[in-house]
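Take a look at the structure below.
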Amino acid sequence: MRSIAVVFCLIIFSCFAQLPAELKIDSSFAYIQGYSSATLSRLKRQFDAVDSNKLVILHYGGSHIQAENPTTIARNQFHEHFGSGGRGLLFNYGAANTYSSINYSSTYTGKWTYNKSYQGKKAELPLGVCGMVVETRDSASSLVFSMKAPIEKANNQVQILFENDSLSFDVAIYINNKLITQGIEYVPQGLKFSWADSIKTITLIPIKNPKGIRFRFYGMNIEHEENHGIVYHSTGVGAAAFRSILILEKLPEQLPLIKPDIVILDFGTNDILYENRIEPTLSKEVEKAITWWKSMVPEVLIVLTSTQDLYYKKHPITAGVLFRDLMDSLARKNDCLFWNWYDLSGGLSTIRTWATLGYAKTDHIHLTKIGYQVKGGLLYTSFINTLKRLNSEPNIEALQIPVKEYKEITTESISPKPTPTKSSSFYVVKSGDTLSAIASKYHTTVAAIKRANGLTSDTIRIGQRIKIP
C-alpha cells in the first residue's frame with residue numbers, strides 16, 4: 001500500500017490564529033493519520049452519517065482527561081459543527097478522593113471506599129468504563145453532582161451504572177431536587193430513565209433493603225434519545241499509565257450501553273516520565289488493549305496518540321520520541337489511527353518554552369488552562385483536517401506524515417547511563433492521608449509503597465513514617 005506524504009495547510013480557527021510562534025506548533029501534523037483505505041473510509045462514513053446515526057467518542061487518558069480540560073474544548077467544537085448527542089459520562093470524583101471535572105462538582109456524604117485504575121485490580125472493587133469505582137455500605141450516604149452550567153434541555157436518557165445484583169442497595173434519584181418515581185427501567189448494568197428538562201443537580205441516595213449490603217457506583221451517562229449528533233466521553237484517571245486500560249473488568253458488560261464508535265487511547269506521560277525509557281512490556285500491553293477493544297466492539301476505530309514534550313528533574317524526557325515512534329508503528333501494524341501530538345505541539349525541548357509563555361505549568365509536565373484549550377482545539381482541528389482531506393481525495397489509500405527527526409537525540413540520551421541510587425525519602429502520615437493520595441503526590445504507586453514498607457494492607461496511621469520508593 002503506497003503512502004502519501006501530506007503537506008497541507010492547517011485550517012486555523014480564529015481562537016488559535018494568534019498563538020506565539022515560539023511554541024513551535026507545527027500545523028502540518030494536525031491530522032488524524034490512517035494507514036489503510038478501509039480505516040479512513042470508515043472514519044469518513046461515521047461523520048457523514050452523524051445526522052441520522054449518533055457518533056460516540058470515548059477518550060481515555062491521565063490527569064488532563066479526568067479534569068476534562070482539553071476534552072471540553074474538543075466536545076464543544078464537535079457539538080457546534082456536528083450537533084450534540086448529549087453530555088456523556090460523569091463520575092463522582094469526590095467520593096473517590098480526587099479532583100472533579102472543570103464542568104461540575106462532585107460531592108458526597110457518608111463513608112465510601114474506592115479504586116482507581118492506576119491502583120491496579122482489586123477483587124472487591126472491580127473497575128468499569130470510567131476507570132474508577134466507589135462503594136458504600138453506609139445507610140446515610142449520598143452522591144451529589146452540581147453542574148457549573150446546566151446540561152441542556154433535551155429529550156435525555158439518564159443511565160446510572162451500578163452493580164445491579166442481589167447484594168445491591170436500592171437507590172433514590174433526584175434531579176434538580178425532584179425525586180424520580182416513574183419510567184425507571186432496570187437493566188443488567190444499573191438503570192435508565194428519560195428526562196426532558198435541563199439538569200442542574202443530580203443526587204443519588206442509596207437505600208438499604210433486606211438483602212442489600214452495599215451500593216457500588218461505576219458512573220452516569222446522559223445522552224439525547226434522538227439518534228444524531230456527537231457524544232464525547234472524557235474518561236481519564238490521574239496518574240494512569242497505558243496498562244490501566246487492561247484492568248477495566250466491567251467494561252465488556254457496560255460497553256453495550258455506551259456503544260463507542262471511536263476510542264482515543266491518550267496515554268504515555270505516566271509510562272515514560274519517571275524512568276525516561278520505554279518499558280519492554282509496553283508494546284505488548286498496547287497490542288493487548290487493541291485486541292481486547294476490537295473483540296468487544298469489532299467496528300470500533302482506535303486512535304493512538306503520542307505525548308507532548310516533557311522535562312523532569314532538570315532533564316529532557318527524550319523517551320517521548322521513542323514513544324511517538326512506538327505508537328505510530330503499532331497504529332500501522334494493528335490498523336489503528338494515530339494522532340502525532342508530540343510533533344504537532346513542537347517536539348523535543350519545547351515544553352519549557354510553553355511554560356515560560358504560560359501554556360504549561362512550571363512542573364513541565366502539565367499544561368495550563370490555556371495550554372489545554374490549545375490541545376483540545378488542535379485535536380478537533382486534526383479530525384476536521386482529516387475529514388476535509390478524505391472528502392477531497394475519496395480514493396486515498398493512506399494519510400501519513402513522516403515524523404520529525406531530532407538531531408539532539410543520541411543513543412546515550414535515549415538510554416541514559418545508570419545514576420547512583422539516591423537515598424529514599426520519607427513521609428510522615430497526617431490526618432486524612434491515604435496510600436493512594438501519597439502515591440499520587442510522589443508519582444509512584446500504592447503497590448510500590450507497600451513493597452518498600454512491608455505493608456500487607458492499605459491501612460496507615462497518623463504519625464507513621466512511610467518510605468517513598
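Labels used: A, B, ... for chains in the order of the C-alpha cells, numbers from 1 for residues in each chain, and numbers from 1 for ligands as shown.
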Quiz prompt | Polymer residues at most 6 Å from Val237 of chain A, only C-alpha atoms, same-chain spacing of 3 or more positions, as a list in words | solution = Gly62, Ser63, Gln66 and Ala240 of chain A
Practice problem: Would you list, as a VMD selection string, the residues of segment 52-268 of chain A that end up in strand (DSSP E or B) under DSSP run on this structure's backbone? | Solution: chain A and resid 55 to 61 84 88 to 90 104 to 109 113 to 116 132 to 136 142 to 151 156 to 162 168 170 to 175 178 to 179 185 to 187 190 to 195 199 to 207 214 to 224 230 to 236 262 to 266
Practice problem: Point out the residue among A:Val158, A:Val133, A:Leu191, A:Leu248 with the least atom-to-atom distance to Arg216 of chain A, counting only C-alpha atoms. | Solution: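 Going through A:Val158, A:Val133, A:Leu191, A:Leu248 one by one, the smallest distance to Arg216 of chain A is for A:Val133.
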Practice problem: Check the smallest atom-to-atom distance from each of A:Tyr342, A:Tyr232, A:Tyr118, A:Tyr274 to Pro260 of chain A using only C-alpha atoms, then report the winner. | Solution: A:Tyr232
Quiz item: If we count only C-alpha atoms, what is near segment 90-97 of chain A at a cut-off of 6 Å, once residues fewer than 5 positions away on the same chain are taken out, given as a list of chain:residue names?
Solution: A:Ser106, A:Thr107, A:Tyr108, A:Tyr114, A:Gly219, A:Met220
Would you save the residues from that selection as a tab-separated table (two decimals), in the first residue's frame, using N, CA and C atoms?
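Output file result33.tsv is given in full below:
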chain	number	residue	atom	x	y	z
A	106	SER	N	-18.43	17.31	42.27
A	106	SER	CA	-18.98	16.03	42.72
A	106	SER	C	-18.65	15.88	44.21
A	107	THR	N	-19.68	15.86	45.03
A	107	THR	CA	-19.52	15.76	46.48
A	107	THR	C	-20.26	14.52	46.98
A	108	TYR	N	-20.13	14.26	48.26
A	108	TYR	CA	-20.73	13.04	48.81
A	108	TYR	C	-20.96	13.21	50.30
A	114	TYR	N	-13.02	3.15	47.50
A	114	TYR	CA	-12.86	3.40	46.07
A	114	TYR	C	-11.66	2.65	45.51
A	219	GLY	N	-20.53	5.05	37.45
A	219	GLY	CA	-20.61	6.25	36.64
A	219	GLY	C	-22.03	6.53	36.19
A	220	MET	N	-22.20	7.61	35.46
A	220	MET	CA	-23.51	8.02	34.98
A	220	MET	C	-23.35	8.58	33.57
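Distances to Gln400 of chain A were evaluated for A:Thr136, A:Asn177, A:Ser234, A:Gln33 using only C-alpha atoms, and the minimum falls at A:Gln33.
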Quiz prompt | Shell around Val187 of chain A at 12 Å using only C-alpha atoms, local window under 4 positions removed, as an MDAnalysis selection string | solution = chainID A and resid 159:165 191:193 253:254 256:257
Self-check item: Nearest-residue call for Phe323 of chain A, choices A:His81, A:Arg277, A:Lys24, A:Lys294, using only C-alpha atoms
Solution: A:Arg277
Quiz prompt | Distance criterion (only C-alpha atoms): nearest to Glu275 of chain A out of A:Ala355, A:Ile230, A:Ile317, A:Leu379 | solution = A:Ile317
Quiz item: If you count only C-alpha atoms, which residues fall within 12 Å of Phe47 of chain A, apart from same-chain ones fewer than 6 positions away, as number ranges by chain?
Solution: A: 40-41, 53-57, 78, 81-83, 228-230, 261-262, 383-384, 386-388, 390-391
Contacts of Ser168 of chain A within 8 Å, only C-alpha atoms, excl. fewer than 5 positions in-chain, as a PDB file with N, CA, C and O atoms, in the first residue's frame:
ATOM      1  N   GLU A 163     -23.638  -1.757  40.352  1.00  0.00           N
ATOM      2  CA  GLU A 163     -23.654  -3.219  40.439  1.00  0.00           C
ATOM      3  C   GLU A 163     -25.073  -3.656  40.764  1.00  0.00           C
ATOM      4  O   GLU A 163     -25.485  -3.709  41.919  1.00  0.00           O
ATOM      5  N   LYS A 211     -31.995  -7.442  51.640  1.00  0.00           N
ATOM      6  CA  LYS A 211     -30.914  -8.303  51.168  1.00  0.00           C
ATOM      7  C   LYS A 211     -29.640  -7.533  50.817  1.00  0.00           C
ATOM      8  O   LYS A 211     -28.560  -8.107  50.749  1.00  0.00           O
ATOM      9  N   GLY A 212     -29.755  -6.237  50.576  1.00  0.00           N
ATOM     10  CA  GLY A 212     -28.610  -5.466  50.114  1.00  0.00           C
ATOM     11  C   GLY A 212     -27.563  -5.237  51.189  1.00  0.00           C
ATOM     12  O   GLY A 212     -27.891  -5.030  52.363  1.00  0.00           O
ATOM     13  N   ILE A 213     -26.302  -5.233  50.787  1.00  0.00           N
ATOM     14  CA  ILE A 213     -25.203  -4.971  51.729  1.00  0.00           C
ATOM     15  C   ILE A 213     -24.327  -3.806  51.280  1.00  0.00           C
ATOM     16  O   ILE A 213     -23.517  -3.312  52.046  1.00  0.00           O
ATOM     17  N   ARG A 214     -24.512  -3.338  50.007  1.00  0.00           N
ATOM     18  CA  ARG A 214     -23.665  -2.244  49.519  1.00  0.00           C
ATOM     19  C   ARG A 214     -24.254  -1.637  48.247  1.00  0.00           C
ATOM     20  O   ARG A 214     -25.103  -2.228  47.579  1.00  0.00           O
ATOM     21  N   PHE A 215     -23.761  -0.427  47.925  1.00  0.00           N
ATOM     22  CA  PHE A 215     -24.091   0.229  46.662  1.00  0.00           C
ATOM     23  C   PHE A 215     -22.775   0.548  45.977  1.00  0.00           C
ATOM     24  O   PHE A 215     -21.955   1.300  46.508  1.00  0.00           O
ATOM     25  N   ARG A 216     -22.557  -0.026  44.777  1.00  0.00           N
ATOM     26  CA  ARG A 216     -21.295   0.119  44.060  1.00  0.00           C
ATOM     27  C   ARG A 216     -21.557   0.890  42.762  1.00  0.00           C
ATOM     28  O   ARG A 216     -22.251   0.409  41.880  1.00  0.00           O
TER      29      ARG A 216
END
